[in-house]
>>> print(open('structure-v3.cif').read())   # mmCIF, C-alpha atoms
data_final
#
loop_
_atom_site.label_atom_id
_atom_site.label_comp_id
_atom_site.auth_asym_id
_atom_site.auth_seq_id
_atom_site.Cartn_x
_atom_site.Cartn_y
_atom_site.Cartn_z
CA MET A 1 120.18 -163.70 -158.77
CA ILE A 2 118.30 -162.92 -161.97
CA ASN A 3 117.35 -166.62 -162.11
CA TYR A 4 115.56 -166.39 -158.77
CA ILE A 5 113.77 -163.15 -159.65
CA TRP A 6 112.53 -164.53 -162.97
CA PHE A 7 111.42 -167.79 -161.41
CA PHE A 8 109.71 -166.01 -158.53
CA ILE A 9 107.74 -163.65 -160.78
CA ILE A 10 106.47 -166.52 -162.96
CA PHE A 11 105.86 -168.85 -160.01
CA ILE A 12 103.75 -166.42 -157.98
CA GLY A 13 101.95 -165.16 -161.08
CA VAL A 14 100.93 -168.60 -162.33
CA ILE A 15 99.94 -169.98 -158.90
CA VAL A 16 97.84 -166.94 -157.92
CA GLY A 17 96.35 -166.67 -161.42
CA LEU A 18 95.31 -170.33 -161.53
CA ILE A 19 93.80 -170.29 -158.03
CA THR A 20 91.74 -167.19 -158.78
CA GLY A 21 90.42 -168.74 -162.00
CA LYS A 22 92.38 -166.66 -164.50
CA GLY A 23 93.79 -169.58 -166.47
CA GLU A 24 92.47 -168.35 -169.79
CA LEU A 25 93.64 -164.78 -169.18
CA LEU A 26 97.10 -166.15 -168.36
CA SER A 27 97.18 -168.23 -171.55
CA ASN A 28 96.37 -165.16 -173.61
CA ALA A 29 98.88 -163.06 -171.73
CA ILE A 30 101.66 -165.56 -172.42
CA ILE A 31 100.86 -165.82 -176.12
CA ASN A 32 100.49 -162.05 -176.47
CA SER A 33 103.79 -161.40 -174.70
CA THR A 34 105.70 -163.18 -177.47
CA GLY A 35 104.04 -160.95 -180.06
CA ALA A 36 104.64 -157.90 -177.90
CA SER A 37 108.36 -158.62 -177.63
CA VAL A 38 108.64 -159.08 -181.39
CA ASN A 39 106.90 -155.73 -181.90
CA LEU A 40 109.16 -154.12 -179.36
CA ILE A 41 112.35 -155.41 -180.94
CA ILE A 42 111.17 -154.48 -184.43
CA GLY A 43 110.44 -150.99 -183.18
CA LEU A 44 113.88 -150.96 -181.64
CA VAL A 45 115.85 -152.32 -184.61
CA GLY A 46 115.40 -149.19 -186.71
CA MET A 47 116.23 -146.83 -183.86
CA MET A 48 119.17 -148.95 -182.78
CA CYS A 49 120.64 -149.03 -186.29
CA LEU A 50 120.07 -145.30 -186.78
CA TRP A 51 121.78 -144.27 -183.57
CA CYS A 52 124.56 -146.83 -183.79
CA GLY A 53 125.27 -145.49 -187.27
CA VAL A 54 125.33 -141.90 -186.08
CA ILE A 55 127.51 -142.76 -183.07
CA LYS A 56 129.98 -144.48 -185.38
CA ILE A 57 130.36 -141.23 -187.31
CA ALA A 58 130.77 -139.30 -184.08
CA GLU A 59 133.35 -141.83 -182.95
CA GLN A 60 135.40 -141.72 -186.16
CA SER A 61 135.33 -137.94 -186.34
CA GLY A 62 136.58 -137.67 -182.77
CA LEU A 63 133.42 -135.92 -181.57
CA THR A 64 132.84 -138.38 -178.72
CA ASP A 65 136.41 -137.82 -177.53
CA ILE A 66 135.77 -134.09 -177.34
CA ILE A 67 132.48 -134.51 -175.48
CA SER A 68 133.96 -136.96 -173.04
CA LYS A 69 136.98 -134.73 -172.48
CA VAL A 70 134.66 -131.89 -171.45
CA LEU A 71 132.66 -134.04 -169.07
CA LYS A 72 135.53 -136.18 -167.90
CA PRO A 73 136.38 -134.19 -164.76
CA ILE A 74 132.83 -134.72 -163.46
CA LEU A 75 132.48 -138.34 -164.54
CA ARG A 76 135.94 -139.30 -163.33
CA ILE A 77 134.81 -138.63 -159.78
CA ILE A 78 132.01 -141.20 -159.95
CA PHE A 79 133.20 -143.66 -162.62
CA LYS A 80 136.56 -144.89 -161.37
CA ASP A 81 137.65 -147.68 -163.74
CA ILE A 82 136.56 -146.30 -167.11
CA SER A 83 137.87 -142.78 -166.54
CA LYS A 84 140.81 -143.49 -168.87
CA ASP A 85 138.69 -144.97 -171.66
CA ASP A 86 137.44 -142.33 -174.09
CA LYS A 87 135.11 -144.64 -176.02
CA ALA A 88 133.32 -145.91 -172.93
CA LEU A 89 133.07 -142.44 -171.40
CA GLY A 90 131.78 -141.04 -174.69
CA ALA A 91 128.95 -143.58 -174.85
CA VAL A 92 128.11 -143.03 -171.17
CA VAL A 93 127.94 -139.27 -171.78
CA MET A 94 125.72 -139.65 -174.84
CA ASN A 95 123.40 -142.01 -172.95
CA ILE A 96 123.01 -139.65 -170.01
CA ALA A 97 122.56 -136.67 -172.36
CA SER A 98 119.81 -138.50 -174.30
CA ASN A 99 118.05 -139.41 -171.08
CA MET A 100 118.21 -135.81 -169.93
CA MET A 101 116.53 -134.67 -173.12
CA GLY A 102 113.86 -137.34 -172.73
CA LEU A 103 115.01 -139.26 -175.81
CA SER A 104 114.76 -142.72 -174.30
CA ASN A 105 114.78 -144.31 -177.77
CA ALA A 106 118.18 -142.82 -178.40
CA ALA A 107 119.41 -143.55 -174.89
CA THR A 108 119.12 -147.33 -175.23
CA PRO A 109 121.59 -147.76 -178.13
CA PHE A 110 124.10 -145.43 -176.43
CA GLY A 111 123.61 -147.35 -173.19
CA VAL A 112 124.20 -150.73 -174.83
CA LYS A 113 127.28 -149.32 -176.54
CA ALA A 114 128.55 -148.04 -173.20
CA MET A 115 128.04 -151.47 -171.65
CA GLU A 116 130.01 -153.11 -174.48
CA GLU A 117 132.91 -150.72 -174.00
CA MET A 118 132.83 -151.26 -170.24
CA GLU A 119 132.80 -155.04 -170.70
CA LYS A 120 135.97 -154.75 -172.82
CA GLN A 121 137.71 -153.14 -169.85
CA ASN A 122 136.13 -155.56 -167.40
CA LYS A 123 138.62 -157.92 -165.79
CA ASN A 124 135.91 -160.28 -164.55
CA LYS A 125 133.95 -161.14 -167.71
CA GLY A 126 130.31 -161.96 -167.04
CA VAL A 127 130.32 -160.19 -163.68
CA ALA A 128 129.05 -156.63 -163.44
CA SER A 129 131.79 -154.14 -162.63
CA ASN A 130 131.30 -151.31 -160.15
CA ASP A 131 131.01 -148.85 -163.02
CA MET A 132 128.36 -150.93 -164.78
CA ALA A 133 126.23 -151.08 -161.64
CA LEU A 134 126.60 -147.35 -161.16
CA PHE A 135 125.71 -146.69 -164.79
CA LEU A 136 122.55 -148.81 -164.50
CA VAL A 137 121.50 -147.03 -161.30
CA LEU A 138 121.96 -143.65 -162.97
CA ASN A 139 119.74 -144.95 -165.75
CA ALA A 140 117.13 -146.07 -163.23
CA VAL A 141 116.69 -142.53 -161.90
CA CYS A 142 117.85 -140.50 -164.84
CA ILE A 143 118.01 -136.74 -164.51
CA GLN A 144 115.41 -135.34 -166.89
CA PHE A 145 115.21 -131.81 -168.21
CA ILE A 146 112.23 -132.34 -170.46
CA PRO A 147 109.90 -135.27 -169.68
CA THR A 148 108.20 -134.84 -173.07
CA SER A 149 105.70 -137.70 -172.96
CA ILE A 150 104.49 -136.78 -169.48
CA ILE A 151 103.98 -133.13 -170.36
CA SER A 152 102.02 -134.03 -173.48
CA LEU A 153 99.86 -136.52 -171.55
CA ARG A 154 99.14 -133.89 -168.91
CA ALA A 155 98.21 -131.40 -171.59
CA ALA A 156 95.98 -133.98 -173.26
CA SER A 157 94.06 -134.58 -170.04
CA GLY A 158 93.24 -130.90 -169.62
CA SER A 159 95.92 -129.62 -167.25
CA HIS A 160 96.09 -125.83 -166.81
CA ASN A 161 99.84 -125.98 -166.38
CA PRO A 162 101.27 -129.15 -167.91
CA ALA A 163 104.90 -128.09 -167.50
CA VAL A 164 104.61 -127.38 -163.75
CA ILE A 165 106.28 -130.73 -163.01
CA ILE A 166 109.58 -129.95 -164.79
CA ILE A 167 111.38 -128.31 -161.88
CA PRO A 168 110.07 -130.74 -159.21
CA ALA A 169 111.03 -133.72 -161.40
CA LEU A 170 114.47 -132.19 -161.95
CA ILE A 171 115.02 -131.74 -158.22
CA THR A 172 113.74 -135.25 -157.47
CA THR A 173 115.92 -136.95 -160.08
CA SER A 174 119.04 -134.95 -159.25
CA LEU A 175 118.76 -135.80 -155.56
CA ALA A 176 117.84 -139.43 -156.28
CA SER A 177 120.84 -139.76 -158.63
CA PHE A 178 123.08 -138.35 -155.92
CA PHE A 179 121.73 -140.89 -153.44
CA GLY A 180 121.97 -143.63 -156.08
CA VAL A 181 125.71 -142.99 -156.44
CA ILE A 182 126.11 -143.16 -152.68
CA TYR A 183 124.13 -146.44 -152.43
CA CYS A 184 126.36 -147.94 -155.13
CA LYS A 185 129.56 -146.84 -153.48
CA ILE A 186 128.43 -148.36 -150.18
CA LEU A 187 126.92 -151.59 -151.53
CA GLN A 188 129.77 -152.38 -153.95
CA ARG A 189 131.99 -153.26 -150.99
CA TYR A 190 129.73 -156.08 -149.90
CA PHE A 191 129.05 -157.83 -153.24
CA MET B 1 112.05 -122.94 -177.54
CA GLU B 2 109.31 -125.50 -177.98
CA TYR B 3 110.03 -125.75 -181.70
CA PHE B 4 113.70 -126.29 -180.92
CA LEU B 5 112.89 -129.10 -178.49
CA LYS B 6 110.71 -130.83 -181.04
CA SER B 7 113.45 -130.53 -183.67
CA ILE B 8 116.20 -131.84 -181.43
CA ILE B 9 116.60 -135.17 -183.27
CA PRO B 10 117.26 -133.77 -186.78
CA ILE B 11 119.51 -131.08 -185.31
CA LEU B 12 121.48 -133.68 -183.37
CA ILE B 13 121.90 -136.01 -186.33
CA PHE B 14 122.74 -133.18 -188.71
CA SER B 15 125.44 -131.69 -186.48
CA MET B 16 127.07 -135.07 -185.91
CA ILE B 17 127.19 -135.87 -189.62
CA LEU B 18 128.35 -132.34 -190.45
CA TYR B 19 131.19 -132.62 -187.95
CA GLY B 20 132.13 -135.99 -189.47
CA MET B 21 132.18 -134.45 -192.95
CA VAL B 22 134.38 -131.57 -191.79
CA LYS B 23 136.79 -134.09 -190.24
CA LYS B 24 136.85 -135.99 -193.58
CA VAL B 25 135.17 -139.13 -192.26
CA LYS B 26 133.52 -141.39 -194.88
CA VAL B 27 130.15 -140.65 -193.34
CA TYR B 28 127.99 -142.99 -195.42
CA GLU B 29 130.20 -146.06 -195.05
CA CYS B 30 130.68 -145.28 -191.42
CA PHE B 31 126.95 -144.98 -190.80
CA VAL B 32 126.21 -148.31 -192.48
CA GLU B 33 129.00 -149.97 -190.51
CA GLY B 34 127.51 -148.69 -187.25
CA ALA B 35 123.98 -149.67 -188.29
CA LYS B 36 125.19 -153.26 -188.80
CA GLU B 37 126.35 -153.30 -185.20
CA GLY B 38 122.94 -152.05 -184.13
CA MET B 39 121.34 -154.97 -185.94
CA GLN B 40 123.54 -157.48 -184.13
CA ILE B 41 122.78 -155.91 -180.78
CA CYS B 42 119.05 -156.32 -181.43
CA PHE B 43 119.45 -159.99 -182.30
CA ARG B 44 121.42 -160.49 -179.15
CA ILE B 45 119.00 -158.79 -176.75
CA PHE B 46 115.77 -160.23 -178.17
CA PRO B 47 115.69 -163.41 -176.03
CA TYR B 48 116.24 -161.31 -172.90
CA ILE B 49 113.38 -158.99 -173.78
CA LEU B 50 111.09 -161.96 -174.47
CA ALA B 51 111.94 -163.56 -171.13
CA MET B 52 111.23 -160.36 -169.23
CA LEU B 53 108.01 -159.44 -171.05
CA LEU B 54 106.72 -162.98 -170.50
CA ALA B 55 107.25 -162.79 -166.75
CA VAL B 56 105.74 -159.30 -166.53
CA ALA B 57 102.68 -160.34 -168.58
CA ILE B 58 102.01 -163.28 -166.26
CA LEU B 59 102.42 -161.10 -163.19
CA ARG B 60 100.10 -158.41 -164.52
CA GLU B 61 97.28 -160.71 -165.65
CA SER B 62 97.35 -162.89 -162.52
CA GLY B 63 96.22 -160.00 -160.33
CA VAL B 64 99.13 -160.48 -157.94
CA LEU B 65 99.82 -156.76 -158.00
CA THR B 66 96.33 -156.05 -156.60
CA TYR B 67 96.91 -158.33 -153.62
CA PHE B 68 100.38 -156.97 -153.14
CA ASN B 69 98.89 -153.50 -153.19
CA LYS B 70 96.66 -154.34 -150.20
CA LEU B 71 99.53 -156.02 -148.42
CA ILE B 72 101.87 -153.04 -148.52
CA ALA B 73 99.16 -150.41 -147.93
CA PRO B 74 100.14 -149.85 -144.25
CA VAL B 75 103.77 -149.38 -145.22
CA VAL B 76 103.11 -146.83 -147.95
CA ARG B 77 100.86 -144.85 -145.62
CA VAL B 78 103.90 -144.22 -143.43
CA ILE B 79 105.75 -142.40 -146.23
CA GLY B 80 102.60 -140.49 -147.15
CA LEU B 81 101.98 -142.11 -150.52
CA PRO B 82 98.25 -142.15 -151.40
CA SER B 83 97.02 -145.68 -152.10
CA GLU B 84 95.75 -144.60 -155.54
CA VAL B 85 99.32 -144.08 -156.71
CA VAL B 86 100.63 -147.44 -155.43
CA PRO B 87 99.76 -149.43 -158.60
CA LEU B 88 101.82 -146.93 -160.61
CA VAL B 89 104.78 -147.31 -158.26
CA LEU B 90 104.57 -151.11 -158.54
CA ILE B 91 104.23 -151.33 -162.32
CA LYS B 92 106.74 -148.58 -163.18
CA PRO B 93 109.93 -150.66 -162.61
CA LEU B 94 108.48 -153.56 -164.63
CA SER B 95 106.80 -152.14 -167.72
CA GLY B 96 106.99 -148.85 -169.59
CA SER B 97 103.78 -149.24 -171.58
CA GLY B 98 101.97 -150.69 -168.56
CA SER B 99 102.90 -147.74 -166.36
CA LEU B 100 101.89 -145.29 -169.08
CA GLY B 101 98.44 -146.89 -169.08
CA VAL B 102 98.11 -146.71 -165.30
CA TYR B 103 99.34 -143.10 -165.35
CA ALA B 104 96.86 -142.02 -168.05
CA GLU B 105 94.08 -143.67 -166.00
CA LEU B 106 95.10 -141.71 -162.88
CA LEU B 107 95.09 -138.42 -164.79
CA LYS B 108 91.66 -139.19 -166.17
CA ASN B 109 90.14 -140.15 -162.81
CA TYR B 110 91.67 -137.53 -160.53
CA GLY B 111 92.64 -134.68 -162.87
CA ALA B 112 96.14 -133.65 -163.93
CA ASP B 113 96.32 -130.71 -161.51
CA SER B 114 95.18 -132.59 -158.39
CA TYR B 115 97.60 -133.76 -155.68
CA ILE B 116 97.44 -137.30 -157.05
CA GLY B 117 97.85 -136.09 -160.64
CA ILE B 118 100.94 -134.01 -159.89
CA LEU B 119 102.50 -136.65 -157.65
CA ALA B 120 101.94 -139.33 -160.30
CA SER B 121 103.48 -137.06 -162.95
CA ILE B 122 106.60 -136.45 -160.89
CA ILE B 123 106.95 -140.17 -160.13
CA MET B 124 106.53 -140.96 -163.83
CA GLY B 125 109.21 -138.42 -164.69
CA SER B 126 111.73 -139.50 -162.10
CA THR B 127 111.76 -143.30 -162.24
CA GLU B 128 112.61 -145.71 -165.02
CA THR B 129 111.62 -149.22 -166.02
CA ILE B 130 114.49 -150.77 -164.08
CA PHE B 131 113.91 -154.39 -165.02
CA TYR B 132 113.76 -153.62 -168.71
CA THR B 133 116.93 -151.54 -168.61
CA LEU B 134 118.73 -154.17 -166.53
CA THR B 135 117.66 -156.97 -168.88
CA VAL B 136 118.64 -155.18 -172.06
CA TYR B 137 121.93 -153.66 -170.87
CA PHE B 138 123.26 -156.70 -169.05
CA GLY B 139 121.88 -159.03 -171.72
CA ALA B 140 123.74 -157.15 -174.43
CA VAL B 141 127.12 -157.92 -172.89
CA ASN B 142 126.18 -161.28 -171.37
CA ILE B 143 126.59 -160.31 -167.74
CA LYS B 144 125.31 -163.10 -165.48
CA LYS B 145 126.24 -161.80 -162.05
CA ILE B 146 124.70 -158.37 -161.48
CA ARG B 147 125.95 -158.02 -157.88
CA HIS B 148 124.40 -155.04 -156.08
CA THR B 149 122.88 -153.37 -159.15
CA LEU B 150 119.24 -154.29 -158.52
CA TYR B 151 119.33 -153.40 -154.81
CA ALA B 152 120.94 -150.04 -155.45
CA ALA B 153 118.51 -149.30 -158.30
CA ILE B 154 115.46 -150.15 -156.18
CA MET B 155 116.79 -148.10 -153.27
CA ALA B 156 117.35 -145.14 -155.60
CA ASP B 157 113.84 -145.65 -156.98
CA LEU B 158 112.31 -145.61 -153.49
CA THR B 159 114.31 -142.50 -152.68
CA ALA B 160 112.91 -140.81 -155.78
CA ILE B 161 109.35 -141.73 -154.73
CA ILE B 162 109.80 -140.41 -151.18
CA LEU B 163 111.34 -137.21 -152.55
CA ALA B 164 108.46 -136.86 -155.01
CA VAL B 165 105.95 -137.07 -152.13
CA ILE B 166 107.83 -134.43 -150.12
CA ILE B 167 108.23 -132.06 -153.07
CA THR B 168 104.59 -132.40 -154.17
CA ARG B 169 103.50 -131.54 -150.62
CA CYS B 170 105.62 -128.39 -150.71
CA LEU B 171 104.22 -127.51 -154.12
CA ILE B 172 100.55 -127.64 -153.18
#
>>> encode(input="structure-v3.cif", output="structure tokens")
Amino acid sequence: MINYIWFFIIFIGVIVGLITGKGELLSNAIINSTGASVNLIIGLVGMMCLWCGVIKIAEQSGLTDIISKVLKPILRIIFKDISKDDKALGAVVMNIASNMMGLSNAATPFGVKAMEEMEKQNKNKGVASNDMALFLVLNAVCIQFIPTSIISLRAASGSHNPAVIIIPALITTSLASFFGVIYCKILQRYF
Amino acid sequence: MEYFLKSIIPILIFSMILYGMVKKVKVYECFVEGAKEGMQICFRIFPYILAMLLAVAILRESGVLTYFNKLIAPVVRVIGLPSEVVPLVLIKPLSGSGSLGVYAELLKNYGADSYIGILASIIMGSTETIFYTLTVYFGAVNIKKIRHTLYAAIMADLTAIILAVIITRCLI
């Protein structure tokens, strides 16, 4: 699946680019993308280490167990297989909480951690479980309380009321998450 | 309230370490141990990030998105999405920095408080860079078969966009 998508994106991009005479632009784009990914990962390494370190403390002190116990009744309804696994649930909770607060830098390490814990429980290694798919979909339309970067960009471009989008965005994401769960529950039967 | 929101990271870290200390966890050793894991994760996901950024860079520079934009114009008109916002909708699932650029451009050209400005803001706030998230998360645990994940994520994304259009209409 991912093989076809990757091939298709490159195939159509290169063919169209070459025909429309953008060969040089494409060359630059390819070379720059390697640099861009190095920059991205270097930016991520520090954040990843910081949050993984902090999570480890939270894990050892039993804080994640407490958080996941509180949120378990809600999450158990949508995440079926991992509902018994405190570590996985804890990471899922922390990821969703970070997303809600608009801390996407913090959300990624928690998300990766959650995936690792879910893979441990996964009977079919290398194949996404229902819970993993659901988790990714919730990340695709994450409920946001404070979209910090958007509000600051709006303020910077002279908006009279930069925060006016908070409630609409909250309604949109909550409803979209709800639908996302439903789509997952329906589609998972056919794949 | 605003000061609290800006200080959320130190507060979060402090309370987690404090709780660890109270529970007699060796906080320093524990932190370093966790940070090592973070390092390994980064090594592991780097090739996946490179592969995805490469494909996205080619797609963006080739101008395919512009043609695609024209192609789907009749379809987006049905759901009431103004054509100015379409580039944002197309780039958002692929690239975080790319979409931020397109979004800033929209705000500059049409004003943050216009219909387009507000709609673009809500779309920015309610959708994520799906391909990046998928690549990093599945790459980290070496998942090859993603089953229905992408379809469900795109459907949820489209739902968010349609909802954003409806809600913006009610707002203005």
>>> residues_around(input="structure-v3.cif", residues="segment 42-58 of chain B", least_positions_apart="2", cutoff="7 Å", atoms="only C-alpha atoms", output="PyMOL selection string")
(chain A and resi 6+9-10+13-14+26+29-30+33-34+37+41+45) or (chain B and resi 38-40+60-62+94+135-136+139-140)
>>> resolve_selection(input="structure-v3.cif", expression="the PyMOL selection byres ((chain A and resi 87) around 9)", output="PyMOL selection string")
chain A and resi 59+64-65+68+85-86+88-92+114+117
>>> resolve_selection(input="structure-v3.cif", expression="the PyMOL selection byres ((chain B and resi 74-82) around 10)", output="list in words")
Asn69, Lys70, Leu71, Ile72, Ala73, Ser83, Glu84, Val85, Val86, Val89, Tyr115, Ile116, Leu119, Ile161, Ile162, Leu163, Ala164, Val165, Ile166 and Arg169 of chain B
>>> resolve_selection(input="structure-v3.cif", expression="the PyMOL selection byres ((chain A and resi 104-113) around 6)", output="list in words")
Met48, Ala91, Asn95, Ser98, Asn99, Gly102, Leu103, Ala114, Met115 and Glu116 of chain A; Tyr137 of chain B
>>> closest_residue(input="structure-v3.cif", among="A:Val181, A:Leu25, A:Ile150, A:Val93", to="Ser126 of chain B", atoms="all atoms listed in the file")
A:Ile150
>>> closest_residue(input="structure-v3.cif", among="B:Ile154, B:Ile8, B:Phe131, B:Ile143", to="chain A", atoms="only C-alpha atoms")
B:Ile143
>>> residues_around(input="structure-v3.cif", residues="Lys23 of chain B", least_positions_apart="2", cutoff="9 Å", atoms="all atoms listed in the file", output="ChimeraX atom specification")
/A:60-62 /B:18-21,25
>>> write_last_selection(input="structure-v3.cif", atoms="C-alpha atoms", output="PDB file, in the coordinates of the input")
ATOM      1  CA  GLN A  60     135.400-141.720-186.160  1.00  0.00           C
ATOM      2  CA  SER A  61     135.330-137.940-186.340  1.00  0.00           C
ATOM      3  CA  GLY A  62     136.580-137.670-182.770  1.00  0.00           C
TER       4      GLY A  62
ATOM      5  CA  LEU B  18     128.350-132.340-190.450  1.00  0.00           C
ATOM      6  CA  TYR B  19     131.190-132.620-187.950  1.00  0.00           C
ATOM      7  CA  GLY B  20     132.130-135.990-189.470  1.00  0.00           C
ATOM      8  CA  MET B  21     132.180-134.450-192.950  1.00  0.00           C
ATOM      9  CA  VAL B  25     135.170-139.130-192.260  1.00  0.00           C
TER      10      VAL B  25
END
>>> closest_residue(input="structure-v3.cif", among="A:Ser157, A:Ser149, A:Gln188, A:Gln144", to="Asn130 of chain A", atoms="only C-alpha atoms")
A:Gln188
>>> atom_distance(input="structure-v3.cif", atom1="atom CA of Val22 of chain B", atom2="atom CA of Pro10 of chain B")
18.0 Å
>>> closest_residue(input="structure-v3.cif", among="A:Gly23, A:Leu153, A:Lys185, A:Gly53", to="Leu106 of chain B", atoms="only C-alpha atoms")
A:Leu153
>>> closest_residue(input="structure-v3.cif", among="A:Trp51, A:Lys120, A:Gly17, A:Phe191", to="Leu12 of chain B", atoms="only C-alpha atoms")
A:Trp51
>>> residues_around(input="structure-v3.cif", residues="segment 79-83 of chain A", least_positions_apart="5", cutoff="8 Å", atoms="all atoms listed in the file", output="PyMOL selection string")
chain A and resi 72+88-89+118+121+131+134
>>> atom_distance(input="structure-v3.cif", atom1="atom CA of Ala140 of chain A", atom2="atom CA of Leu170 of chain A")
14.2 Å
>>> closest_residue(input="structure-v3.cif", among="A:Ile77, A:Ile186, A:Leu71, A:Cys52", to="chain B", atoms="only C-alpha atoms")
A:Cys52
>>> atom_distance(input="structure-v3.cif", atom1="atom CA of His148 of chain B", atom2="atom CA of Leu59 of chain B")
23.9 Å
>>> residues_around(input="structure-v3.cif", residues="Ser159 of chain A", least_positions_apart="6", cutoff="10 Å", atoms="only C-alpha atoms", output="mmCIF file with C-alpha atoms, in the frame of the given file")
data_model
loop_
_atom_site.group_PDB
_atom_site.id
_atom_site.type_symbol
_atom_site.label_atom_id
_atom_site.label_comp_id
_atom_site.auth_asym_id
_atom_site.auth_seq_id
_atom_site.Cartn_x
_atom_site.Cartn_y
_atom_site.Cartn_z
ATOM 1 C CA ILE A 151 103.980 -133.130 -170.360
ATOM 2 C CA SER A 152 102.020 -134.030 -173.480
ATOM 3 C CA LEU A 153 99.860 -136.520 -171.550
ATOM 4 C CA LEU B 107 95.090 -138.420 -164.790
ATOM 5 C CA GLY B 111 92.640 -134.680 -162.870
ATOM 6 C CA ALA B 112 96.140 -133.650 -163.930
ATOM 7 C CA ASP B 113 96.320 -130.710 -161.510
ATOM 8 C CA SER B 114 95.180 -132.590 -158.390
ATOM 9 C CA GLY B 117 97.850 -136.090 -160.640
ATOM 10 C CA ILE B 118 100.940 -134.010 -159.890
#
>>> build_atoms(input="structure-v3.cif", residues="segment 102-107 of chain B", atoms="all heavy atoms", output="short mmCIF file (atom, residue, chain, number, x, y, z; two decimals), keeping the file's coordinate frame")
data_model
loop_
_atom_site.label_atom_id
_atom_site.label_comp_id
_atom_site.auth_asym_id
_atom_site.auth_seq_id
_atom_site.Cartn_x
_atom_site.Cartn_y
_atom_site.Cartn_z
N VAL B 102 98.56 -147.00 -166.66
CA VAL B 102 98.11 -146.71 -165.30
C VAL B 102 98.13 -145.20 -165.05
O VAL B 102 97.21 -144.64 -164.46
CB VAL B 102 99.01 -147.43 -164.26
CG1 VAL B 102 98.66 -147.03 -162.85
CG2 VAL B 102 98.89 -148.94 -164.43
N TYR B 103 99.18 -144.54 -165.54
CA TYR B 103 99.34 -143.10 -165.35
C TYR B 103 98.21 -142.32 -166.04
O TYR B 103 97.59 -141.43 -165.45
CB TYR B 103 100.71 -142.67 -165.88
CG TYR B 103 100.93 -141.18 -165.92
CD1 TYR B 103 100.89 -140.42 -164.76
CD2 TYR B 103 101.19 -140.53 -167.12
CE1 TYR B 103 101.10 -139.06 -164.80
CE2 TYR B 103 101.41 -139.17 -167.18
CZ TYR B 103 101.36 -138.44 -166.02
OH TYR B 103 101.56 -137.10 -166.06
N ALA B 104 97.92 -142.69 -167.29
CA ALA B 104 96.86 -142.02 -168.05
C ALA B 104 95.52 -142.18 -167.33
O ALA B 104 94.71 -141.26 -167.26
CB ALA B 104 96.79 -142.59 -169.46
N GLU B 105 95.30 -143.37 -166.76
CA GLU B 105 94.08 -143.67 -166.00
C GLU B 105 93.97 -142.75 -164.77
O GLU B 105 92.90 -142.20 -164.49
CB GLU B 105 94.15 -145.14 -165.58
CG GLU B 105 92.84 -145.74 -165.11
CD GLU B 105 91.85 -145.96 -166.23
OE1 GLU B 105 92.28 -145.99 -167.41
OE2 GLU B 105 90.66 -146.09 -165.92
N LEU B 106 95.08 -142.58 -164.07
CA LEU B 106 95.10 -141.71 -162.88
C LEU B 106 94.76 -140.27 -163.26
O LEU B 106 93.98 -139.61 -162.57
CB LEU B 106 96.48 -141.74 -162.22
CG LEU B 106 96.82 -142.94 -161.32
CD1 LEU B 106 98.25 -142.83 -160.84
CD2 LEU B 106 95.87 -143.00 -160.13
N LEU B 107 95.36 -139.79 -164.36
CA LEU B 107 95.09 -138.42 -164.79
C LEU B 107 93.62 -138.24 -165.13
O LEU B 107 93.01 -137.22 -164.80
CB LEU B 107 95.95 -138.07 -166.02
CG LEU B 107 97.44 -137.84 -165.80
CD1 LEU B 107 98.09 -137.31 -167.06
CD2 LEU B 107 97.71 -136.90 -164.64
#
